[in-house]
Amino acid sequence: VGLYSNDVPDSLEDGAGGTTIASAKTDPGQVLHMNAAPTSWWDIQPRKSRAVYTVGRAMRRAARKGEWGMSRFTMEIDILEGKDSAQLDKAWDRVGKQLGELRELAEARGFSVGIIVLPPREQVAGAYPHARYQDRVRSMAEPLGFFVIDPLPALAASPERKDRLYVPYDRNHPSE
């Protein structure tokens, strides 16, 4: 399971938690797409041009639109800064419940679970040295018998430019 820092506040978004995928067809081995590829010119251009992406992101940030205007982004930054709050506790509790449900499913179906704790770009670049995000996930996952992979040390030590370690238009998802 790939767990990103933004998944913690996202766990509060719907009553059941997690991502819902609707499909008319449920064949074994079927490839499911959670987020459709962008189709409008305005959504495609930032993925083609780093300059367009940077300008658009700066404009959204200045206007407090996009992720910067969302309370979940504030919660994610609080996680990375090592802060606590009642809302974060609720989100972490929801993640813990989901991991518990995953453990029950793994035991019933006979598979092992591993969690890869994926750091955001800023953390890899050296920001947020007091983040307890990886430790918190480890403290929840290991007692459930899950193995945990933390790529932060390897990514931070990489000689590759940090911006090249991530998809250009995304601060959370690593590149190939």
# chains A, B, ... in the order shown; residues from 1 in each chain; ligands from 1
$ residues_around --residues "range 87-101 of chain A" --least-positions-apart "6" --cutoff "9 Å" --atoms "only C-alpha atoms" --output "VMD selection string"
chain A and resid 7 to 12 17 to 18 75 to 76 78 to 79 136 to 137 140 to 141 144
$ residues_around --residues "Phe147 in chain A" --least-positions-apart "3" --cutoff "7 Å" --atoms "only C-alpha atoms" --output "count of residues only"
4
$ closest_residue --among "A:Ala86, A:Val167, A:Leu80, A:Leu105" --to "Gly126 in chain A" --atoms "only C-alpha atoms"
A:Leu80
$ closest_residue --among "A:Glu176, A:Trp41, A:Gly145, A:Lys83" --to "Leu102 in chain A" --atoms "only C-alpha atoms"
A:Gly145
$ atom_distance --atom1 "CA of Ser40 in chain A" --atom2 "CA of Pro168 in chain A"
18.6 Å
$ residues_around --residues "Leu152 in chain A" --least-positions-apart "5" --cutoff "12 Å" --atoms "only C-alpha atoms" --output "VMD selection string"
chain A and resid 4 116 to 129 131 133 to 135 157 to 158 162 165 174
$ write_last_selection --atoms "C-alpha atoms" --output "PDB file, in the first residue's frame"
ATOM      1  CA  TYR A   4       1.104   9.564   1.103  1.00  0.00           C
ATOM      2  CA  ILE A 116       5.500   2.227   1.611  1.00  0.00           C
ATOM      3  CA  VAL A 117       5.457   5.616   3.347  1.00  0.00           C
ATOM      4  CA  LEU A 118       5.936   8.020   0.455  1.00  0.00           C
ATOM      5  CA  PRO A 119       7.350  11.429   1.392  1.00  0.00           C
ATOM      6  CA  PRO A 120       6.302  14.618  -0.382  1.00  0.00           C
ATOM      7  CA  ARG A 121       8.822  16.468  -2.528  1.00  0.00           C
ATOM      8  CA  GLU A 122       9.452  19.135   0.142  1.00  0.00           C
ATOM      9  CA  GLN A 123      10.420  16.552   2.728  1.00  0.00           C
ATOM     10  CA  VAL A 124      12.898  14.933   0.341  1.00  0.00           C
ATOM     11  CA  ALA A 125      14.393  18.377  -0.329  1.00  0.00           C
ATOM     12  CA  GLY A 126      15.080  18.800   3.405  1.00  0.00           C
ATOM     13  CA  ALA A 127      12.029  20.735   4.574  1.00  0.00           C
ATOM     14  CA  TYR A 128      10.104  19.501   7.599  1.00  0.00           C
ATOM     15  CA  PRO A 129      12.928  17.892   9.583  1.00  0.00           C
ATOM     16  CA  ALA A 131       7.917  15.470  10.630  1.00  0.00           C
ATOM     17  CA  TYR A 133       4.691  11.177   9.563  1.00  0.00           C
ATOM     18  CA  GLN A 134       6.867   8.142   8.788  1.00  0.00           C
ATOM     19  CA  ASP A 135       7.220   7.206  12.471  1.00  0.00           C
ATOM     20  CA  ALA A 157      20.533  11.024  -0.280  1.00  0.00           C
ATOM     21  CA  SER A 158      20.008  10.627  -4.029  1.00  0.00           C
ATOM     22  CA  LYS A 162      15.202  16.462  -6.089  1.00  0.00           C
ATOM     23  CA  LEU A 165      12.521  12.476  -8.362  1.00  0.00           C
ATOM     24  CA  PRO A 174       7.556  10.062  -7.412  1.00  0.00           C
TER      25      PRO A 174
END
$ closest_residue --among "A:Pro153, A:Pro143, A:Gly82, A:Pro28" --to "Arg103 in chain A" --atoms "only C-alpha atoms"
A:Pro143
$ closest_residue --among "A:Ile77, A:Arg138, A:Asn6, A:Arg132" --to "Asp150 in chain A" --atoms "only C-alpha atoms"
A:Arg138
$ closest_residue --among "A:Ser5, A:His130, A:Gly110, A:Tyr166" --to "Arg72 in chain A" --atoms "only C-alpha atoms"
A:Ser5
$ select_by_dssp --residues "range 85-122 of chain A" --states "strand (DSSP E or B)" --output "PDB file with C-alpha atoms, in the first residue's frame"
ATOM      1  CA  GLY A 114       3.449  -3.839   3.218  1.00  0.00           C
ATOM      2  CA  ILE A 115       3.205  -0.087   3.540  1.00  0.00           C
ATOM      3  CA  ILE A 116       5.500   2.227   1.611  1.00  0.00           C
ATOM      4  CA  VAL A 117       5.457   5.616   3.347  1.00  0.00           C
ATOM      5  CA  LEU A 118       5.936   8.020   0.455  1.00  0.00           C
TER       6      LEU A 118
END
$ atom_distance --atom1 "CA of His173 in chain A" --atom2 "CA of Val1 in chain A"
13.6 Å
